[in-house]
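Below is one structure; the comments refer to it alone.
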Amino acid sequence: MSTTAANAAKIYYKLTFPEAQAHYVDVEMRITDLSQQSLDLKMPVWTPGSYLVREFERNIETLSVYTGDKLIPSKKTRKNIWHVDAQGLSEVTVKYRVYAFEISVRTSFIDVSHAFISSPDIFIYPAGMLHEPATIHIVPYKGWTKVSTSLEKVNDDDFTVHSPNYDILFDSPIEIGNQDVFGFDVNGVKYQVSMTGGGAYDKERLKKDMPKIIEEEVAIYGENPNKHYTFIVHNYLKGGGGLEHLSSCVLGAARDAYDTEAGYQGFLHLVAHEHFHLWNVKRLRPFVLGPFDYDNENYTTNLWIAEGFTSYYQNIVVKRAHLNPIENFLSGLANDMSSLENQPGSKIQPLADASFDAWIKSYRPNENSANSNISYYSKGALVALLFDLEIIHDTNGAKSLDDVMKYMYNEYYKTKGRGYTDDEFKKGIELIAGKNLDEFYKNYIYGLTPLDYNKYLQYAGYRLTDELANNNDPALGIATVTQNGKLLVFGVTRNTAAWVDGLNVNDEIVAIDGNPVTNLDGILNGKNPGDKLVFSIRRDGLPMTITVNLLKSTRIKYKIEEQSDASEKQLTVRKKWLKL
């Protein structure tokens, strides 16, 4: 297929929902001005921002290809490719159905109330034509009146939108239904918030608080690269998560959580996280994350920057916007430190490896994941904290991690027009910090050296203490769940008493010391390290007895405290860090 021929093709889609109640969308793709011998039709196997091969083509049904009214042969040649003999054809129409019934921010979902179109699992594209524009016409299900998307409308028609290429189409989700839509402007950029599923949210409060977050993030980079931006929010009984896009994002929320302070704070932090991605990841990005290979994994060791730094900024931006008290910010930081250090995987998996293995580990957790893995989100955020405090300290408050992000954005996205390599990001930090960071990377990025929190917190006049340092409490080391009246083990922590003495995931706990149990409440009351518990269990239906020798708890519970004798330099760092 020649590039000239591919560039001449015109592509149109029509989406209809004749069986929305059964979770289907019917897709009709029309390709005109063809001048090639053969045509391969492809579907992405993953979606950018969610690093797992999901094999979306498994939800496609009844694909058929026509020229005019004539059915022409098509053959599936790979899990996500259909081959068509296009010799002598100037136009083809492809018809197929997609089943969409997975609730998440990264997959499509359709029922009679609305349709959420996550583009990579809906739109088949012609091979070799990723750079081609496409027009999408939506025929709504009965009663649906609104479309929310960052794609541009055609002739001011809400139900007809245009994408200049497939990278943008696959990065532009579409919400269709009767969503509650409101908006606001931030320095001339129009923002739209599309709420689906109801909820206890206060629109007027959100219209005041969301712009504060956006303004703080724009201030870091010095510009907002969008003319308009869309928040698509799905409110469920239980909801969570988010996924970034070039000019929009999708957020999952619990519809009744907005009227609690914790729930509202959680939503604001989610807004801050996904919106920060419009710079960090969508434009300032690791080298391999664009242009994308939609057929295979796209490996990078830098998700700790892409996601971890974003997680750090979500917290500090909400603090800078004066939407979260300083004591809450510091408490959350201490909790994040405790969580990482209490995870056995922190002693097993380096940060760079956690990023690279996201495709096979992070998105495919099992019962042993906490024992062998870490999150590049959480440790990456704490590494960003260390970088920030180091830079502020070494430059006497003149610079911060903000300057690194702005420099890298300007240098690689705006000037070079490409992503950065591992070494280039390291050099960017070194440039702003004014020092070599080989040891830092060796210890904290590629190695397993525990993060020296106190060294860096003391730069800002804070100290970290462990509230459990002097405890002598016993620990068992298992987590349980009750299913069908059975008390089952669903987690065993590495090197704890249960791990050492052989309790297993899926063991049914019948009795302890001969006493029947339905839960483990109070089971350690009055016990000390060295005491024994005799577990009567069933493993795969067979009775067993296991004696567990209790060990001393090694759990950490950190607290960040202000140093009363902080020096003038420490106060300078603190003021710069927290924007006091």
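Just remember, in the structure tokens the first chain shown is A, the second B, etc., residues are 1-based per chain, and ligands are 1-based in the order shown.
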request  = List the neighbours of A:Gln349 out to 9 Å using only C-alpha atoms; skip same-chain residues closer than 2 positions along the sequence, and give me the result as a ChimeraX atom specification.
outcome  = /A:345-347,351-354,372-374,447-448
message = Quick check for you: according to DSSP on this backbone, which residues of stretch 46-193 of chain A are classed as strand (DSSP E)? Reply as number ranges by chain.
response = A: 60-67, 70-72, 74-78, 81-85, 91-99, 109-110, 114-117, 125-126, 134-138, 146-149, 152-154, 157-163, 174-177, 180-186, 189-193
task = Name all residues at most 8 Å from A:Leu63 (count only C-alpha atoms; drop same-chain ones fewer than 3 positions away) and give them as an NGL selection string.
result = :A and (60 or 94-97)
Output N, CA and C atoms for every residue in that selection, as a PDB file, in the first residue's frame.
ATOM      1  N   ILE A  60     -15.762  -7.932  19.758  1.00  0.00           N
ATOM      2  CA  ILE A  60     -16.332  -7.649  18.437  1.00  0.00           C
ATOM      3  C   ILE A  60     -17.138  -8.848  17.945  1.00  0.00           C
ATOM      4  N   VAL A  94     -17.467  -1.245   6.378  1.00  0.00           N
ATOM      5  CA  VAL A  94     -17.240  -2.298   7.372  1.00  0.00           C
ATOM      6  C   VAL A  94     -18.302  -2.161   8.455  1.00  0.00           C
ATOM      7  N   LYS A  95     -19.004  -3.264   8.713  1.00  0.00           N
ATOM      8  CA  LYS A  95     -20.041  -3.254   9.740  1.00  0.00           C
ATOM      9  C   LYS A  95     -19.693  -4.274  10.822  1.00  0.00           C
ATOM     10  N   TYR A  96     -19.768  -3.841  12.067  1.00  0.00           N
ATOM     11  CA  TYR A  96     -19.496  -4.762  13.157  1.00  0.00           C
ATOM     12  C   TYR A  96     -20.198  -4.275  14.422  1.00  0.00           C
ATOM     13  N   ARG A  97     -20.329  -5.184  15.373  1.00  0.00           N
ATOM     14  CA  ARG A  97     -20.960  -4.870  16.660  1.00  0.00           C
ATOM     15  C   ARG A  97     -19.912  -5.020  17.761  1.00  0.00           C
TER      16      ARG A  97
END
message = So, with only C-alpha atoms as the atoms that count, which of A:Ser378, A:Thr545, A:Gln21, A:Ser355 lies closest to A:Glu341?
response = A:Ser378
note = Using only C-alpha atoms, the best pick from A:Gly485, A:Pro225, A:Pro516, A:Gly197 as closest to A:Leu284 would be A:Pro225
key: alpha helix (DSSP H) call set, DSSP backbone run, stretch 429-540 of chain A, as a list of chain:residue names   =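 DSSP on the backbone gives alpha helix (DSSP H) at A:Ile429, A:Glu430, A:Leu431, A:Ile432, A:Ala433, A:Asp438, A:Glu439, A:Phe440, A:Tyr453, A:Asn454, A:Lys455, A:Tyr456, A:Leu457, A:Ala497, A:Ala498, A:Trp499, A:Val500, A:Asp501.
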Take the residues from that selection and write them out as a compact mmCIF listing (two decimals), in the first residue's frame, keeping all heavy atoms.
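Below is the file that was written, result_15.txt:
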# COMPACT_ATOMS: atom_id res chain seq x y z
N ILE A 429 17.18 16.95 35.69
CA ILE A 429 17.16 17.18 37.14
C ILE A 429 18.52 17.70 37.61
O ILE A 429 18.61 18.63 38.42
CB ILE A 429 16.80 15.88 37.90
CG1 ILE A 429 15.44 15.35 37.45
CG2 ILE A 429 16.79 16.14 39.41
CD1 ILE A 429 15.07 14.03 38.10
N GLU A 430 19.60 17.09 37.10
CA GLU A 430 20.94 17.52 37.50
C GLU A 430 21.21 18.97 37.10
O GLU A 430 21.87 19.71 37.84
CB GLU A 430 21.98 16.60 36.86
CG GLU A 430 21.98 15.19 37.43
CD GLU A 430 22.93 14.25 36.71
OE1 GLU A 430 23.18 14.46 35.50
OE2 GLU A 430 23.40 13.30 37.35
N LEU A 431 20.69 19.38 35.96
CA LEU A 431 20.88 20.75 35.50
C LEU A 431 20.26 21.74 36.49
O LEU A 431 20.88 22.74 36.87
CB LEU A 431 20.26 20.93 34.12
CG LEU A 431 20.30 22.35 33.54
CD1 LEU A 431 21.73 22.75 33.21
CD2 LEU A 431 19.42 22.44 32.29
N ILE A 432 19.04 21.44 36.92
CA ILE A 432 18.35 22.35 37.84
C ILE A 432 18.93 22.24 39.24
O ILE A 432 19.10 23.24 39.94
CB ILE A 432 16.84 22.05 37.85
CG1 ILE A 432 16.25 22.20 36.44
CG2 ILE A 432 16.12 22.96 38.83
CD1 ILE A 432 16.41 23.56 35.81
N ALA A 433 19.28 21.03 39.67
CA ALA A 433 19.83 20.83 41.01
C ALA A 433 21.27 21.30 41.12
O ALA A 433 21.75 21.60 42.23
CB ALA A 433 19.74 19.36 41.41
N ASP A 438 24.18 10.47 40.28
CA ASP A 438 24.45 9.06 40.02
C ASP A 438 24.13 8.19 41.23
O ASP A 438 23.51 7.12 41.09
CB ASP A 438 25.93 8.86 39.65
CG ASP A 438 26.25 9.34 38.24
OD1 ASP A 438 25.30 9.69 37.50
OD2 ASP A 438 27.44 9.38 37.87
N GLU A 439 24.56 8.60 42.42
CA GLU A 439 24.33 7.80 43.62
C GLU A 439 22.85 7.72 43.95
O GLU A 439 22.34 6.67 44.35
CB GLU A 439 25.11 8.38 44.80
CG GLU A 439 26.58 8.03 44.81
CD GLU A 439 26.82 6.53 44.87
OE1 GLU A 439 26.28 5.89 45.79
OE2 GLU A 439 27.54 6.01 43.99
N PHE A 440 22.13 8.83 43.78
CA PHE A 440 20.70 8.85 44.03
C PHE A 440 20.01 7.82 43.15
O PHE A 440 19.20 7.01 43.61
CB PHE A 440 20.14 10.25 43.77
CG PHE A 440 18.71 10.43 44.19
CD1 PHE A 440 18.39 11.11 45.35
CD2 PHE A 440 17.66 9.91 43.43
CE1 PHE A 440 17.07 11.28 45.74
CE2 PHE A 440 16.34 10.07 43.80
CZ PHE A 440 16.04 10.76 44.97
N TYR A 453 14.02 9.38 54.32
CA TYR A 453 13.03 10.45 54.46
C TYR A 453 13.51 11.57 55.37
O TYR A 453 13.33 12.76 55.07
CB TYR A 453 11.72 9.88 55.01
CG TYR A 453 11.13 8.76 54.19
CD1 TYR A 453 11.04 7.47 54.72
CD2 TYR A 453 10.65 8.98 52.91
CE1 TYR A 453 10.49 6.44 53.98
CE2 TYR A 453 10.10 7.95 52.17
CZ TYR A 453 10.03 6.67 52.71
OH TYR A 453 9.48 5.65 51.99
N ASN A 454 14.10 11.21 56.50
CA ASN A 454 14.47 12.23 57.48
C ASN A 454 15.50 13.21 56.95
O ASN A 454 15.44 14.41 57.23
CB ASN A 454 14.97 11.58 58.77
CG ASN A 454 13.97 11.75 59.90
OD1 ASN A 454 13.32 12.79 60.02
ND2 ASN A 454 13.85 10.75 60.75
N LYS A 455 16.45 12.71 56.18
CA LYS A 455 17.47 13.60 55.61
C LYS A 455 16.82 14.73 54.83
O LYS A 455 17.21 15.91 54.97
CB LYS A 455 18.40 12.80 54.70
CG LYS A 455 19.36 13.67 53.88
CD LYS A 455 20.15 12.83 52.89
CE LYS A 455 20.99 13.73 51.97
NZ LYS A 455 21.75 12.94 50.97
N TYR A 456 15.83 14.39 54.03
CA TYR A 456 15.23 15.38 53.14
C TYR A 456 14.18 16.23 53.86
O TYR A 456 14.08 17.44 53.62
CB TYR A 456 14.64 14.68 51.92
CG TYR A 456 15.71 14.03 51.08
CD1 TYR A 456 16.12 12.72 51.31
CD2 TYR A 456 16.34 14.73 50.06
CE1 TYR A 456 17.13 12.13 50.55
CE2 TYR A 456 17.36 14.15 49.29
CZ TYR A 456 17.74 12.85 49.56
OH TYR A 456 18.74 12.28 48.82
N LEU A 457 13.39 15.62 54.74
CA LEU A 457 12.41 16.39 55.50
C LEU A 457 13.08 17.43 56.40
O LEU A 457 12.55 18.53 56.60
CB LEU A 457 11.53 15.46 56.33
CG LEU A 457 10.49 14.64 55.57
CD1 LEU A 457 9.82 13.63 56.50
CD2 LEU A 457 9.43 15.55 54.93
N ALA A 497 4.75 -14.40 60.96
CA ALA A 497 4.56 -15.71 61.59
C ALA A 497 3.78 -16.66 60.69
O ALA A 497 4.14 -17.84 60.54
CB ALA A 497 3.84 -15.53 62.93
N ALA A 498 2.72 -16.17 60.09
CA ALA A 498 1.90 -17.02 59.22
C ALA A 498 2.70 -17.49 58.01
O ALA A 498 2.58 -18.64 57.57
CB ALA A 498 0.65 -16.26 58.77
N TRP A 499 3.53 -16.62 57.45
CA TRP A 499 4.37 -16.96 56.30
C TRP A 499 5.38 -18.05 56.68
O TRP A 499 5.52 -19.06 56.00
CB TRP A 499 5.08 -15.69 55.83
CG TRP A 499 6.14 -15.87 54.78
CD1 TRP A 499 7.41 -16.34 54.97
CD2 TRP A 499 6.04 -15.54 53.39
NE1 TRP A 499 8.12 -16.33 53.79
CE2 TRP A 499 7.31 -15.85 52.80
CE3 TRP A 499 5.03 -15.02 52.59
CZ2 TRP A 499 7.56 -15.64 51.44
CZ3 TRP A 499 5.29 -14.81 51.24
CH2 TRP A 499 6.53 -15.12 50.67
N VAL A 500 6.07 -17.83 57.80
CA VAL A 500 7.12 -18.75 58.22
C VAL A 500 6.56 -20.14 58.55
O VAL A 500 7.15 -21.18 58.19
CB VAL A 500 7.89 -18.18 59.43
CG1 VAL A 500 8.84 -19.22 60.02
CG2 VAL A 500 8.66 -16.92 59.03
N ASP A 501 5.40 -20.17 59.21
CA ASP A 501 4.87 -21.46 59.68
C ASP A 501 3.88 -22.10 58.71
O ASP A 501 3.37 -23.19 58.98
CB ASP A 501 4.23 -21.28 61.06
CG ASP A 501 5.28 -21.04 62.14
OD1 ASP A 501 6.35 -21.68 62.07
OD2 ASP A 501 5.05 -20.20 63.03
